[in-house]
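Here is the file query.txt (compact mmCIF, C-alpha atoms and all ligand atoms).
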# COMPACT_ATOMS: atom_id res chain seq x y z
CA MET S 21 84.74 76.95 102.43
CA ASN S 22 84.45 80.67 101.94
CA LEU S 23 87.39 82.72 103.18
CA LEU S 24 87.35 86.39 104.13
CA ILE S 25 90.69 88.19 103.74
CA VAL S 26 90.97 91.29 105.92
CA ALA S 27 93.22 93.70 104.01
CA GLU S 28 95.55 95.81 106.12
CA ILE S 29 95.55 99.50 105.28
CA SER S 30 97.74 102.13 106.87
CA ARG S 31 97.35 105.82 106.09
CA GLY S 32 95.41 105.05 102.94
CA GLN S 33 98.01 102.58 101.63
CA LEU S 34 97.55 98.83 101.33
CA LYS S 35 100.18 97.01 103.38
CA LEU S 36 102.25 94.59 101.31
CA ALA S 37 101.67 91.83 103.86
CA THR S 38 98.04 91.64 102.70
CA GLY S 39 99.47 89.78 99.69
CA ALA S 40 100.46 86.92 102.04
CA ALA S 41 96.87 86.52 103.28
CA ILE S 42 95.69 86.46 99.66
CA GLY S 43 98.48 83.96 98.87
CA PHE S 44 97.17 81.75 101.67
CA ALA S 45 93.62 81.98 100.29
CA ARG S 46 94.80 81.08 96.81
CA GLN S 47 96.64 78.03 98.18
CA VAL S 48 93.48 76.88 99.98
CA CYS S 49 91.34 77.49 96.87
CA ALA S 50 93.79 75.49 94.73
CA ALA S 51 93.16 72.49 97.02
CA GLY S 52 89.37 72.38 96.59
CA ALA S 53 86.18 74.17 95.64
CA HIS S 54 86.76 77.11 97.94
CA THR S 55 86.25 80.85 97.37
CA PHE S 56 87.49 84.03 98.98
CA ASP S 57 86.48 87.67 99.41
CA VAL S 58 88.76 90.59 100.27
CA LEU S 59 87.53 93.15 102.79
CA LEU S 60 88.75 96.76 102.66
CA LEU S 61 88.01 98.66 105.89
CA GLY S 62 88.45 102.40 106.34
CA SER S 63 86.97 105.77 105.53
CA ASP S 64 87.95 106.22 101.89
CA VAL S 65 89.18 102.87 100.63
CA GLY S 66 87.46 102.60 97.24
CA GLY S 67 90.65 103.77 95.51
CA LEU S 68 92.43 100.62 96.74
CA VAL S 69 90.10 98.24 94.90
CA PRO S 70 92.42 97.94 91.83
CA SER S 71 95.32 96.84 94.04
CA VAL S 72 93.43 93.74 95.24
CA ALA S 73 90.90 93.09 92.45
CA SER S 74 93.09 90.93 90.20
CA TYR S 75 93.87 88.03 92.53
CA GLY S 76 90.79 85.90 91.92
CA ALA S 77 88.54 87.00 94.80
CA SER S 78 84.78 86.46 94.41
CA ALA S 79 84.31 90.06 95.55
CA VAL S 80 86.22 93.01 96.96
CA LEU S 81 84.04 94.19 99.83
CA ILE S 82 84.21 97.88 100.70
CA ALA S 83 83.35 98.80 104.29
CA ALA S 84 83.77 102.56 104.27
CA ALA S 85 82.60 105.04 106.90
CA PRO S 86 84.20 108.03 108.67
CA ALA S 87 83.86 106.03 111.92
CA LEU S 88 86.37 103.54 110.44
CA ALA S 89 88.97 106.19 109.51
CA GLU S 90 91.33 104.93 112.24
CA PRO S 91 91.88 101.23 112.93
CA LEU S 92 90.02 101.13 116.25
CA ALA S 93 90.02 97.46 117.14
CA ASP S 94 86.52 97.20 118.62
CA ARG S 95 84.87 98.81 115.57
CA TYR S 96 86.93 96.93 113.00
CA ALA S 97 86.29 93.63 114.78
CA ASP S 98 82.56 94.36 114.85
CA VAL S 99 82.45 95.03 111.08
CA ILE S 100 84.57 91.95 110.32
CA ALA S 101 82.24 89.77 112.41
CA GLN S 102 79.15 91.25 110.73
CA VAL S 103 80.56 90.70 107.24
CA ALA S 104 81.70 87.17 108.11
CA ARG S 105 78.19 86.28 109.30
CA GLU S 106 76.50 87.81 106.26
CA ARG S 107 78.86 86.13 103.77
CA ASN S 108 78.72 82.78 105.55
CA THR S 109 82.50 82.91 105.98
CA SER S 110 84.22 79.83 107.32
CA VAL S 111 87.77 81.23 107.62
CA VAL S 112 88.73 84.85 108.40
CA VAL S 113 92.38 85.55 107.48
CA ALA S 114 94.77 88.48 107.88
CA ALA S 115 98.55 88.84 107.71
CA ALA S 116 100.30 88.41 111.08
CA SER S 117 101.04 91.98 112.21
CA THR S 118 100.47 94.40 115.07
CA PHE S 119 97.19 95.41 113.41
CA SER S 120 95.86 91.86 113.36
CA LYS S 121 97.10 91.13 116.90
CA ASP S 122 94.81 93.95 117.97
CA VAL S 123 91.78 93.30 115.79
CA LEU S 124 91.50 89.60 114.92
CA PRO S 125 91.18 88.07 118.43
CA ARG S 126 88.24 90.43 119.06
CA ALA S 127 86.61 89.37 115.80
CA ALA S 128 87.19 85.71 116.77
CA ALA S 129 85.51 86.30 120.13
CA LEU S 130 82.49 87.96 118.47
CA LEU S 131 82.21 85.02 116.08
CA ASP S 132 82.74 82.48 118.86
CA ALA S 133 85.52 81.11 116.67
CA GLY S 134 88.82 79.45 117.44
CA MET S 135 91.88 81.44 116.46
CA LEU S 136 95.38 80.54 115.26
CA SER S 137 98.16 83.08 114.83
CA ASP S 138 101.41 82.81 112.85
CA VAL S 139 100.24 80.11 110.43
CA ILE S 140 103.05 79.04 108.08
CA GLY S 141 101.40 76.16 106.22
CA VAL S 142 98.06 74.62 105.36
CA ASP S 143 96.76 71.32 104.01
CA ALA S 144 93.27 72.07 102.75
CA SER S 145 92.81 68.87 100.77
CA ALA S 146 90.87 67.12 103.59
CA GLU S 147 87.36 68.16 104.67
CA GLU S 148 88.78 69.93 107.74
CA PRO S 149 91.96 71.90 106.96
CA VAL S 150 95.12 71.23 108.95
CA PHE S 151 97.38 74.18 109.74
CA ARG S 152 101.03 74.52 110.71
CA ARG S 153 102.02 77.36 113.01
CA VAL S 154 105.19 78.40 114.77
CA MET S 155 105.52 78.28 118.54
CA HIS S 156 108.24 79.02 121.10
CA ALA S 157 110.04 81.67 119.05
CA GLY S 158 109.95 79.50 115.95
CA ASN S 159 111.66 76.52 117.60
CA VAL S 160 108.54 74.34 117.41
CA VAL S 161 106.12 73.91 114.52
CA ALA S 162 102.71 72.71 115.69
CA THR S 163 100.25 70.92 113.40
CA VAL S 164 96.77 72.02 114.40
CA ARG S 165 93.14 71.44 113.48
CA LEU S 166 90.64 74.10 114.62
CA ALA S 167 87.24 72.96 115.81
CA GLY S 168 84.13 74.98 115.00
CA ALA S 169 82.31 76.21 111.93
CA VAL S 170 84.26 79.49 111.79
CA LYS S 171 88.03 79.81 112.10
CA VAL S 172 90.15 82.95 112.44
CA LEU S 173 93.81 82.97 111.38
CA THR S 174 96.81 85.20 110.91
CA VAL S 175 99.46 84.06 108.45
CA ARG S 176 103.20 84.81 108.34
CA SER S 177 104.09 86.86 105.28
CA SER S 178 107.35 85.01 104.72
CA ALA S 179 105.41 81.72 104.30
CA PHE S 180 102.89 82.76 101.64
CA PRO S 181 104.13 84.75 98.66
CA THR S 182 101.79 87.24 97.00
CA PRO S 183 100.25 85.47 93.98
CA GLU S 184 100.54 86.68 90.38
CA LYS S 185 97.79 89.03 89.24
CA SER S 186 95.42 87.85 86.53
CA SER S 187 93.51 89.80 83.87
CA ALA S 188 90.10 89.01 85.43
CA THR S 189 88.80 91.60 87.89
CA SER S 190 86.73 90.90 91.00
CA PRO S 191 83.57 93.00 91.45
CA ALA S 192 83.65 95.73 94.10
CA VAL S 193 80.71 95.33 96.51
CA PRO S 194 79.89 98.00 99.14
CA VAL S 195 79.09 96.71 102.62
CA THR S 196 76.28 98.35 104.58
CA ILE S 197 77.46 99.40 108.04
CA ASP S 198 75.11 100.38 110.83
CA VAL S 199 77.38 103.16 112.11
CA ALA S 200 75.15 103.98 115.10
CA ALA S 201 75.50 100.38 116.32
CA LEU S 202 79.32 100.35 116.15
CA PRO S 203 81.03 100.02 119.54
CA SER S 204 82.52 103.21 120.95
CA GLY S 205 84.57 101.80 123.81
CA ILE S 206 87.86 102.99 122.29
CA GLU S 207 88.50 106.53 121.12
CA PHE S 208 91.26 107.58 118.74
CA ILE S 209 93.19 110.52 120.14
CA SER S 210 96.45 110.84 118.24
CA ARG S 211 99.22 108.99 116.52
CA GLU S 212 102.90 109.47 117.23
CA GLU S 213 105.37 107.97 114.83
CA LYS S 214 109.08 107.64 115.51
CA GLY S 215 111.62 107.42 112.72
CA ALA S 216 109.17 108.70 110.15
CA GLY S 217 110.59 108.86 106.68
CA ARG S 218 112.30 105.47 106.89
CA PRO S 219 110.64 102.34 105.52
CA ASP S 220 108.66 100.03 107.80
CA PRO S 221 110.93 97.05 108.69
CA THR S 222 108.09 94.60 108.06
CA GLU S 223 107.76 95.82 104.46
CA ALA S 224 111.33 96.79 103.54
CA ARG S 225 113.61 94.87 101.15
CA ILE S 226 116.61 95.61 103.38
CA VAL S 227 116.70 95.94 107.18
CA VAL S 228 119.76 97.17 109.08
CA SER S 229 119.51 96.32 112.78
CA GLY S 230 121.75 97.37 115.62
CA GLY S 231 122.51 95.71 118.93
CA ARG S 232 124.25 96.39 122.21
CA ALA S 233 127.54 97.12 120.43
CA LEU S 234 126.06 100.58 119.82
CA LYS S 235 126.71 102.57 122.98
CA ASN S 236 124.20 105.40 122.66
CA ALA S 237 121.45 106.87 120.48
CA GLU S 238 123.85 109.14 118.56
CA ASP S 239 126.10 106.24 117.60
CA PHE S 240 123.04 104.16 116.65
CA GLU S 241 121.72 106.93 114.41
CA ARG S 242 125.13 107.62 112.86
CA LEU S 243 126.12 104.00 112.21
CA VAL S 244 122.92 101.92 111.92
CA GLY S 245 120.74 104.81 110.68
CA GLY S 246 123.53 106.04 108.38
CA LEU S 247 124.06 102.60 106.84
CA ALA S 248 120.30 102.11 106.44
CA ASP S 249 119.87 105.48 104.73
CA THR S 250 122.76 104.75 102.37
CA LEU S 251 121.03 101.51 101.35
CA GLY S 252 117.46 102.89 101.37
CA ALA S 253 116.78 100.36 104.14
CA ALA S 254 114.62 100.17 107.23
CA VAL S 255 116.13 100.32 110.71
CA GLY S 256 115.67 97.66 113.38
CA SER S 257 117.05 97.01 116.83
CA SER S 258 117.67 94.27 119.34
CA ARG S 259 115.77 94.36 122.60
CA ALA S 260 118.95 95.17 124.51
CA LEU S 261 118.93 98.67 122.99
CA VAL S 262 115.19 99.10 123.57
CA ASP S 263 115.61 98.13 127.23
CA ALA S 264 118.51 100.58 127.52
CA GLY S 265 116.30 103.39 126.18
CA ILE S 266 118.57 103.85 123.14
CA THR S 267 115.97 102.83 120.55
CA SER S 268 112.19 102.91 120.42
CA ASN S 269 110.39 99.61 120.97
CA ALA S 270 108.72 100.10 117.56
CA LEU S 271 112.11 99.07 116.13
CA GLN S 272 112.46 95.84 118.13
CA ILE S 273 112.89 92.74 115.97
CA GLY S 274 112.33 89.35 117.53
CA GLN S 275 110.06 87.06 119.48
CA THR S 276 108.48 89.93 121.39
CA GLY S 277 109.05 92.48 118.63
CA LYS S 278 108.44 92.52 114.90
CA VAL S 279 108.93 89.56 112.59
CA VAL S 280 110.66 90.58 109.38
CA ALA S 281 111.56 88.68 106.23
CA PRO S 282 113.50 91.11 104.02
CA GLU S 283 115.78 90.16 101.11
CA LEU S 284 118.78 91.33 103.17
CA TYR S 285 119.08 91.58 106.97
CA LEU S 286 122.22 93.27 108.28
CA ALA S 287 122.88 92.59 111.98
CA VAL S 288 125.28 95.20 113.36
CA GLY S 289 126.72 94.25 116.76
CA ILE S 290 123.93 91.82 117.63
CA SER S 291 124.84 88.57 119.43
CA GLY S 292 122.11 86.44 117.82
CA ALA S 293 120.11 85.34 120.87
CA ILE S 294 117.30 82.94 119.88
CA GLN S 295 114.68 85.52 120.80
CA HIS S 296 116.19 87.94 118.28
CA VAL S 297 116.77 85.31 115.61
CA ALA S 298 113.07 84.30 115.88
CA GLY S 299 112.20 87.64 114.29
CA MET S 300 114.64 87.65 111.37
CA LYS S 301 115.62 84.12 110.45
CA ASP S 302 113.34 84.10 107.41
CA ALA S 303 115.37 86.87 105.75
CA LYS S 304 116.67 85.63 102.38
CA VAL S 305 120.24 86.75 103.09
CA ILE S 306 121.63 87.48 106.55
CA ALA S 307 124.88 89.41 107.00
CA ALA S 308 126.41 90.06 110.42
CA ILE S 309 129.16 92.25 111.81
CA ASN S 310 130.40 91.28 115.25
CA LYS S 311 133.82 91.51 116.90
CA ASP S 312 133.37 88.10 118.57
CA PRO S 313 134.01 85.30 116.04
CA ASP S 314 132.01 82.92 118.26
CA ALA S 315 128.87 85.09 118.37
CA PRO S 316 125.80 82.88 117.70
CA ILE S 317 124.63 85.27 114.95
CA PHE S 318 127.35 83.80 112.70
CA ALA S 319 125.59 80.40 112.87
CA VAL S 320 122.55 81.84 111.04
CA ALA S 321 124.41 84.39 108.88
CA ASP S 322 125.16 83.81 105.19
CA TYR S 323 127.95 86.42 105.37
CA GLY S 324 129.91 87.38 108.46
CA LEU S 325 132.46 90.09 109.15
CA VAL S 326 134.47 89.79 112.37
CA ALA S 327 135.16 93.44 113.11
CA ASP S 328 134.49 96.34 115.45
CA VAL S 329 131.34 98.05 114.21
CA TYR S 330 132.82 101.46 115.07
CA GLU S 331 135.59 100.82 112.54
CA ALA S 332 133.80 98.72 109.91
CA VAL S 333 130.49 100.54 109.50
CA PRO S 334 131.91 104.01 108.65
CA GLN S 335 134.12 102.34 106.04
CA ILE S 336 131.16 100.44 104.54
CA ILE S 337 129.07 103.64 104.41
CA SER S 338 131.93 105.51 102.77
CA ARG S 339 132.51 102.73 100.18
CA LEU S 340 128.80 102.57 99.36
CA LYS S 341 128.66 106.33 98.87
CA HIS S 342 131.65 106.49 96.51
C1 LIG A 1 111.02 86.34 126.86
C2 LIG A 1 112.10 87.08 126.12
C3 LIG A 1 111.78 87.73 124.93
C4 LIG A 1 112.77 88.41 124.23
N1 LIG A 1 112.45 89.03 123.05
C5 LIG A 1 113.45 89.63 122.34
C6 LIG A 1 113.17 90.22 121.08
O1 LIG A 1 112.03 90.28 120.60
N2 LIG A 1 114.20 90.77 120.40
C7 LIG A 1 115.49 90.77 120.87
O2 LIG A 1 116.40 91.28 120.18
N3 LIG A 1 115.78 90.22 122.06
C8 LIG A 1 114.78 89.67 122.80
N4 LIG A 1 115.10 89.15 124.03
C9 LIG A 1 116.43 89.40 124.58
C10 LIG A 1 117.49 88.45 124.05
O3 LIG A 1 117.51 87.28 124.84
C11 LIG A 1 118.89 89.12 124.11
O4 LIG A 1 119.14 89.56 125.42
C12 LIG A 1 119.04 90.30 123.18
O5 LIG A 1 118.62 89.97 121.88
C13 LIG A 1 120.51 90.71 123.14
O6 LIG A 1 120.66 91.85 122.35
P1 LIG A 1 122.07 92.15 121.67
O7 LIG A 1 122.41 91.05 120.74
O8 LIG A 1 121.99 93.53 121.10
O9 LIG A 1 123.04 92.25 122.93
P2 LIG A 1 124.19 91.24 123.46
O10 LIG A 1 123.66 89.86 123.62
O11 LIG A 1 124.78 91.92 124.62
O12 LIG A 1 125.18 91.22 122.25
C14 LIG A 1 125.96 92.28 121.84
C15 LIG A 1 126.90 91.77 120.77
O13 LIG A 1 127.65 92.84 120.24
C16 LIG A 1 128.97 92.42 120.07
N5 LIG A 1 129.79 93.64 120.17
C17 LIG A 1 130.00 94.41 121.27
N6 LIG A 1 130.75 95.48 120.93
C18 LIG A 1 131.02 95.37 119.62
C19 LIG A 1 131.72 96.18 118.69
N7 LIG A 1 132.30 97.34 119.06
N8 LIG A 1 131.80 95.78 117.41
C20 LIG A 1 131.21 94.61 117.01
N9 LIG A 1 130.52 93.82 117.84
C21 LIG A 1 130.42 94.19 119.13
C22 LIG A 1 129.25 91.42 121.15
O14 LIG A 1 130.28 90.51 120.73
C23 LIG A 1 127.89 90.72 121.27
O15 LIG A 1 127.82 89.58 120.44
C24 LIG A 1 114.11 88.47 124.74
C25 LIG A 1 114.41 87.80 125.93
C26 LIG A 1 113.43 87.13 126.61
C27 LIG A 1 113.79 86.42 127.89
Full structure transcribed into structure tokens:
Amino acid sequence: MNLLIVAEISRGQLKLATGAAIGFARQVCAAGAHTFDVLLLGSDVGGLVPSVASYGASAVLIAAAPALAEPLADRYADVIAQVARERNTSVVVAAASTFSKDVLPRAAALLDAGMLSDVIGVDASAEEPVFRRVMHAGNVVATVRLAGAVKVLTVRSSAFPTPEKSSATSPAVPVTIDVAALPSGIEFISREEKGAGRPDPTEARIVVSGGRALKNAEDFERLVGGLADTLGAAVGSSRALVDAGITSNALQIGQTGKVVAPELYLAVGISGAIQHVAGMKDAKVIAAINKDPDAPIFAVADYGLVADVYEAVPQIISRLKH
């Protein structure tokens, strides 16, 4: 099998989650005579070669063109499909993320390939690999075999650690792109980012999330934002606050939001509904503050504080600052 890892790049930076897709490829390669390539897509991505060239890939493929400056799904999918055909790829892999939710299904359709998202395990020792993936907000783990010569997957970053780098370096190989033939059905107009300046919750070591205990946007910013800034952490939110218009849906953690796996997840006034827990249960340490001692969040928390967030959080911020 030859795997193609689609690296995720945002604003010229390699996303850490790409390491999980490479970790997956390394696990597959350890189980048999398999190889993998890493694909860098963008306008000026050559500078990122050193960050992926020491993980044992056969090649780091560079698909660079001004038409790929923004991650427009139809163009990226087209290039991925072209490269997969040319390299005789059997498995296309990317980290599970908003980017890959947009791009990978299109690439799978172009390749007439079956697709699995949220893969958390693989047994590649048999001729046809068997995958494990989460379903129903993480409450069911399905064991799946994908039919077809080409398979497309996204993998959960919490399930596949980034491998150690080695001293050997993979060759960088430019990919020829027929820019005139790229689809133009989607046009990039602008990008609007909320909460700029704070880390991305899917990449951060610490995430502080707030729930319905926070009554308005000012309180959320003062308590959840203030605690996050004191810790150098990312900010997250339950859906209750998104639905109430208090937080942006870019902050939503959970089944229908982002899946995070930080070293520390601090749940501030969040009940712990299964749909929220689905997005954060892989955090290494979970700490929760809730005034209700029976809140379900305490069942998944390693540390719990039964307290009113309006009293406890200012004290925690003050203690951390002094
Ligand atoms: C299909 C589907 C998908 C969903 N996807 C998501 C998702 O992705 N993410 C998500 O978060 N939810 C999701 N939900 C919603 C989810 O079911 C819950 O409704 C939501 O998570 C509740 O948010 P919450 O914990 O902030 O609010 P609540 O459940 O209202 O909990 C608030 C908590 O704050 C505590 N509290 C109140 N005041 C204070 C105070 N002063 N001090 C301390 N504690 C206090 C209360 O004891 C309570 O435990 C989804 C639901 C459905 C049906």
Quick one: contact table of chain S to ligand LIG 1 (chain A), 8 Å max, nearest atom pair and distance in Å to one decimal per residue, counting only C-alpha atoms and all ligand atoms, chain and number order, as JSON lines?
{"residue": "S:Gly230", "atom": "CA", "partner": "A:LIG1", "partner_atom": "O8", "distance": 6.7}
{"residue": "S:Gly231", "atom": "CA", "partner": "A:LIG1", "partner_atom": "O8", "distance": 3.1}
{"residue": "S:Arg232", "atom": "CA", "partner": "A:LIG1", "partner_atom": "O8", "distance": 3.8}
{"residue": "S:Ala233", "atom": "CA", "partner": "A:LIG1", "partner_atom": "N6", "distance": 3.6}
{"residue": "S:Leu234", "atom": "CA", "partner": "A:LIG1", "partner_atom": "N6", "distance": 7.0}
{"residue": "S:Ser257", "atom": "CA", "partner": "A:LIG1", "partner_atom": "O2", "distance": 6.7}
{"residue": "S:Ser258", "atom": "CA", "partner": "A:LIG1", "partner_atom": "O2", "distance": 3.4}
{"residue": "S:Arg259", "atom": "CA", "partner": "A:LIG1", "partner_atom": "O2", "distance": 4.0}
{"residue": "S:Ala260", "atom": "CA", "partner": "A:LIG1", "partner_atom": "O6", "distance": 4.3}
{"residue": "S:Leu261", "atom": "CA", "partner": "A:LIG1", "partner_atom": "O8", "distance": 6.3}
{"residue": "S:Gln272", "atom": "CA", "partner": "A:LIG1", "partner_atom": "N2", "distance": 5.8}
{"residue": "S:Ile273", "atom": "CA", "partner": "A:LIG1", "partner_atom": "N2", "distance": 5.0}
{"residue": "S:Gly274", "atom": "CA", "partner": "A:LIG1", "partner_atom": "O1", "distance": 3.2}
{"residue": "S:Gln275", "atom": "CA", "partner": "A:LIG1", "partner_atom": "O1", "distance": 3.9}
{"residue": "S:Thr276", "atom": "CA", "partner": "A:LIG1", "partner_atom": "O1", "distance": 3.7}
{"residue": "S:Gly277", "atom": "CA", "partner": "A:LIG1", "partner_atom": "O1", "distance": 4.2}
{"residue": "S:Lys278", "atom": "CA", "partner": "A:LIG1", "partner_atom": "O1", "distance": 7.1}
{"residue": "S:Val288", "atom": "CA", "partner": "A:LIG1", "partner_atom": "C20", "distance": 7.0}
{"residue": "S:Gly289", "atom": "CA", "partner": "A:LIG1", "partner_atom": "O13", "distance": 3.9}
{"residue": "S:Ile290", "atom": "CA", "partner": "A:LIG1", "partner_atom": "O7", "distance": 3.5}
{"residue": "S:Ser291", "atom": "CA", "partner": "A:LIG1", "partner_atom": "O15", "distance": 3.3}
{"residue": "S:Gly292", "atom": "CA", "partner": "A:LIG1", "partner_atom": "O7", "distance": 5.5}
{"residue": "S:Ala293", "atom": "CA", "partner": "A:LIG1", "partner_atom": "O5", "distance": 5.0}
{"residue": "S:Ile294", "atom": "CA", "partner": "A:LIG1", "partner_atom": "O3", "distance": 6.6}
{"residue": "S:Gln295", "atom": "CA", "partner": "A:LIG1", "partner_atom": "C5", "distance": 4.6}
{"residue": "S:His296", "atom": "CA", "partner": "A:LIG1", "partner_atom": "O2", "distance": 3.8}
{"residue": "S:Val297", "atom": "CA", "partner": "A:LIG1", "partner_atom": "O2", "distance": 7.5}
{"residue": "S:Ala298", "atom": "CA", "partner": "A:LIG1", "partner_atom": "O1", "distance": 7.7}
{"residue": "S:Gly299", "atom": "CA", "partner": "A:LIG1", "partner_atom": "O1", "distance": 6.8}
{"residue": "S:Ile309", "atom": "CA", "partner": "A:LIG1", "partner_atom": "C20", "distance": 6.1}
{"residue": "S:Asn310", "atom": "CA", "partner": "A:LIG1", "partner_atom": "N9", "distance": 3.6}
{"residue": "S:Lys311", "atom": "CA", "partner": "A:LIG1", "partner_atom": "C20", "distance": 4.1}
{"residue": "S:Asp312", "atom": "CA", "partner": "A:LIG1", "partner_atom": "O14", "distance": 4.5}
{"residue": "S:Pro313", "atom": "CA", "partner": "A:LIG1", "partner_atom": "O14", "distance": 7.9}
{"residue": "S:Ala315", "atom": "CA", "partner": "A:LIG1", "partner_atom": "O15", "distance": 5.1}
{"residue": "S:Pro316", "atom": "CA", "partner": "A:LIG1", "partner_atom": "O15", "distance": 7.5}
{"residue": "S:Ile317", "atom": "CA", "partner": "A:LIG1", "partner_atom": "O15", "distance": 7.7}
{"residue": "S:Val326", "atom": "CA", "partner": "A:LIG1", "partner_atom": "C20", "distance": 7.4}
{"residue": "S:Ala327", "atom": "CA", "partner": "A:LIG1", "partner_atom": "C20", "distance": 5.7}
{"residue": "S:Asp328", "atom": "CA", "partner": "A:LIG1", "partner_atom": "N8", "distance": 3.4}
{"residue": "S:Val329", "atom": "CA", "partner": "A:LIG1", "partner_atom": "N8", "distance": 4.0}
{"residue": "S:Tyr330", "atom": "CA", "partner": "A:LIG1", "partner_atom": "N7", "distance": 5.8}
{"residue": "S:Glu331", "atom": "CA", "partner": "A:LIG1", "partner_atom": "N8", "distance": 8.0}
Report task. Can you pull out every residue within 10 Å of S:Val305, counting all atoms listed in the file, but drop anything in the same chain fewer than 5 positions away, and send it as number ranges by chain? Result -> S: 226, 281-286, 320-323
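Nearest to S:Tyr96 of all the residues S:Ala179, S:Val113, S:Val123, S:Val139 is S:Val123, based on all atoms listed in the file.
Restricting the calculation to only C-alpha atoms, the smallest distance between S:Glu207 and any of S:Val48, S:Ala93, S:Pro181, S:Asp263 is found for S:Ala93.
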Query raised in the report: Which of these, S:Leu81, S:Ala41, S:Val150, S:Ile306, has the shortest distance to S:Arg107 once you count all atoms listed in the file?
Result: S:Leu81
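Across S:Ala37, S:Ala308, S:Val255, S:Ala188, the tightest approach to S:Ala114 is made by S:Ala37 when counting all atoms listed in the file.
Neighbouring residues of S:Ser204 at 8 Å or closer, counting only C-alpha atoms and skipping chain neighbours under 2 positions away, are S:Asp94, S:Arg95, S:Leu202, S:Ile206, S:Glu207.
Distances here use only C-alpha atoms; by that measure, the residue among S:Glu238, S:Asp98, S:Asp57, S:Asp143 closest to S:Leu124 is S:Asp98.
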Report task. Just the residues within 10 Å of S:Leu131, please, counting all atoms listed in the file, with nothing from its chain fewer than 4 positions along; format it as a PyMOL selection string. Result -> chain S and resi 97-98+100-102+104-105+125-127+169-172
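Checking S:Ala79, S:Ala146, S:Ala270, S:Val227 one by one against S:Gly252, counting only C-alpha atoms, you find the shortest gap at S:Val227.
Between atom CA of S:Ser63 and atom CA of S:Ala40 lies a distance of 23.4 Å.
What separates atom CA of S:Asn108 from atom CA of S:Gln33 is a distance of 27.9 Å.
Atom CA of S:Asp302 sits 7.3 Å away from atom CA of S:Val280.
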